[in-house]
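Working notes, beginning with the structure itself.
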Amino acid sequence: MAAADWGALVLLALIWGGSFFFGKVAVKEIPPLTMVLCRVAIGALALFVIARARGVRLPLNRGLAAEFAVLALIANIIPFGLIAWSQQHMPSGLSSILNAATPLFTVLVAQAFTRDEKFTAGKLVGVALGFTGVAVMMGPALLGQLGGHQLPAQLAAIGATVSYGFASVYGRRFRHLPPLGVAMAQLAASSLLLAPVALLIDRPWLLPVPSPHVLGALAGLGVLSTGIAYVIFFRILARNGATNISLVTFLVPVSAILLGALFLGEALEPREFLGFGVIALGLAAIDGRPARWIGRRLR
């Protein structure tokens, strides 16, 4: 990827690093389905305002609308719902570890369903190193919680990563459309599909009015971690493919830990620095340029 795309990937990781915090706050007072509905609806509304201001339009037709409905299902409704439910039953740190399996499933889906994103040694080594780095960074305490009574929640989190893998590959078909329009249409389709289900199951009009800090978390989750984040996501996807965009899940735990150290005064431990280094090696292996540079020097 170009340097600007790596910068955009880091920015996306910083934005999505906050989504676990926002979601953990919101799900304490709002059922998972209603929380996901608020997330995608707020994101869609924010992007609609931005799109109108910038004059961005999509040439929607019945076929394209159906494709956006499929994308909404596998990119938002299924994974967001699974993650929101799983966060009720396991620590957010463990959730971020399992979320880092997304590149693995993306590589497998891309191998099966694309012609131009096949296995390479660099991809396989990089994905393995990246996942290992996340595990090292989080430490044995969280890894020791794998299995046991939290297993259903862990399987739900893994199911979300599988869905993300399919969504990244499926989303390649919208490369010719403006990223802002694609993100807006995806979130609007998610809102329309999810609204009747959430209304039927959660009956949100009977719920207590959320507290101010939960409303703030919903706003951050919808506008920043969903609306703006997906504009960046589709821009990177269109330029660099499904596997490269999935690398953001290696950087999300890094951003969460660094933000905690910068703004909350949390101490960084040696294993976290070691994990950062292993993740950096994984990203370098996938990018390929360091290996090519070394190869030229050796010749």
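Chains: A, B, ... in order of the structure tokens. Residues: from 1 per chain. Ligands: from 1, in order shown.
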
Q.
When you look at Ala198 in chain A with a cut-off of 9 Å (counting only C-alpha atoms), what residues show up, excluding the ones that are within fewer than 5 positions of it in the same chain? I need them as number ranges by chain.
A. A: 32-34, 36-37, 203-204

Q.
Set the distance at 7 Å and use only C-alpha atoms: which residues neighbour range 134-141 of chain A once local chain neighbours fewer than 5 positions away are removed? I'd like the list as a ChimeraX atom specification.
A. /A:97,250,271-272,274-276,279

(Q) When you look at Gly159 in chain A with a cut-off of 9 Å (counting only C-alpha atoms), what residues show up, excluding the ones that are within fewer than 6 positions of it in the same chain? I need them as a list in words. (A)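 Surrounding residues, per the criterion: Ile78, Pro79, Leu82 and Ile83 of chain A.
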
Would you save the residues of that selection, restricted to N, CA, C and O atoms, as a tab-separated table (two decimals), in the first residue's frame?
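Okay, result_11.tsv is ready:
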chain	number	residue	atom	x	y	z
A	78	ILE	N	-25.15	-8.73	11.01
A	78	ILE	CA	-24.66	-9.96	11.64
A	78	ILE	C	-23.48	-9.69	12.57
A	78	ILE	O	-23.53	-10.05	13.76
A	79	PRO	N	-22.38	-9.06	12.10
A	79	PRO	CA	-21.23	-8.90	13.01
A	79	PRO	C	-21.49	-7.94	14.16
A	79	PRO	O	-21.07	-8.21	15.29
A	82	LEU	N	-23.57	-9.81	16.74
A	82	LEU	CA	-22.80	-10.83	17.46
A	82	LEU	C	-21.82	-10.20	18.43
A	82	LEU	O	-21.68	-10.67	19.57
A	83	ILE	N	-21.17	-9.12	18.02
A	83	ILE	CA	-20.20	-8.45	18.91
A	83	ILE	C	-20.92	-7.82	20.10
A	83	ILE	O	-20.47	-7.93	21.25

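Among A:Val252, A:Leu218, A:Ile257, A:Met184, the residue with the shortest atom-to-atom distance to Asn99 in chain A, counting only C-alpha atoms, is A:Val252.
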
Q | Residue with smallest distance to His176 in chain A - pool A:Ala121, A:Val223, A:Ala13, A:Leu58, counting only C-alpha atoms | A | A:Leu58

Q. Could you name the residues that touch Ala229 in chain A at 9 Å or less, counting only C-alpha atoms, but leaving out those on the same chain fewer than 3 positions away, as a ChimeraX atom specification?
A. /A:11-13,15-16,183,223-226,232-234

The selected residues should be written to file as an mmCIF file, in the first residue's frame (atoms: C-alpha atoms).
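Final output, saved to again-v2.cif:
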data_model
loop_
_atom_site.group_PDB
_atom_site.id
_atom_site.type_symbol
_atom_site.label_atom_id
_atom_site.label_comp_id
_atom_site.auth_asym_id
_atom_site.auth_seq_id
_atom_site.Cartn_x
_atom_site.Cartn_y
_atom_site.Cartn_z
ATOM 1 C CA LEU A 11 -6.521 6.512 11.399
ATOM 2 C CA LEU A 12 -9.248 3.893 10.923
ATOM 3 C CA ALA A 13 -7.696 1.773 13.669
ATOM 4 C CA ILE A 15 -11.418 5.402 15.260
ATOM 5 C CA TRP A 16 -12.420 1.763 15.592
ATOM 6 C CA ALA A 183 -20.959 3.853 3.213
ATOM 7 C CA VAL A 223 -21.050 9.209 13.797
ATOM 8 C CA LEU A 224 -17.376 8.460 14.331
ATOM 9 C CA SER A 225 -16.918 4.698 14.731
ATOM 10 C CA THR A 226 -19.494 3.826 12.066
ATOM 11 C CA ILE A 232 -12.341 5.534 5.211
ATOM 12 C CA PHE A 233 -12.888 1.754 5.035
ATOM 13 C CA PHE A 234 -14.356 1.789 1.528
#

Q | Exercise: Val209 in chain A partners within 10 Å, only C-alpha atoms, chain neighbours under 4 positions left out, as a list in words | A | Glu29, Ile30, Pro204, Trp205, Val214 and Leu215 of chain A

Restrict the selected residues to N, CA and C atoms and save them as a short mmCIF file (atom, residue, chain, number, x, y, z; two decimals), in the first residue's frame.
data_model
loop_
_atom_site.label_atom_id
_atom_site.label_comp_id
_atom_site.auth_asym_id
_atom_site.auth_seq_id
_atom_site.Cartn_x
_atom_site.Cartn_y
_atom_site.Cartn_z
N GLU A 29 -27.07 -0.27 29.11
CA GLU A 29 -28.43 0.24 29.28
C GLU A 29 -29.33 -0.04 28.08
N ILE A 30 -28.75 -0.46 26.96
CA ILE A 30 -29.52 -0.64 25.74
C ILE A 30 -29.33 -2.06 25.22
N PRO A 204 -38.20 -0.97 22.04
CA PRO A 204 -37.40 0.07 22.70
C PRO A 204 -38.22 1.20 23.31
N TRP A 205 -39.47 1.39 22.86
CA TRP A 205 -40.28 2.46 23.45
C TRP A 205 -40.63 2.17 24.92
N VAL A 214 -24.50 7.44 28.12
CA VAL A 214 -24.85 6.41 27.14
C VAL A 214 -25.26 7.06 25.82
N LEU A 215 -26.00 8.16 25.88
CA LEU A 215 -26.35 8.89 24.65
C LEU A 215 -25.09 9.41 23.96
#

Q) Out of A:Arg52, A:Gly43, A:Leu9, A:Pro103, which residue has the shortest atom-to-atom distance to Leu237 in chain A when counting only C-alpha atoms? A) A:Leu9

Q) How many Å separate CA of Val25 in chain A from CA of Ala217 in chain A? A)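 The value is 6.6 Å.
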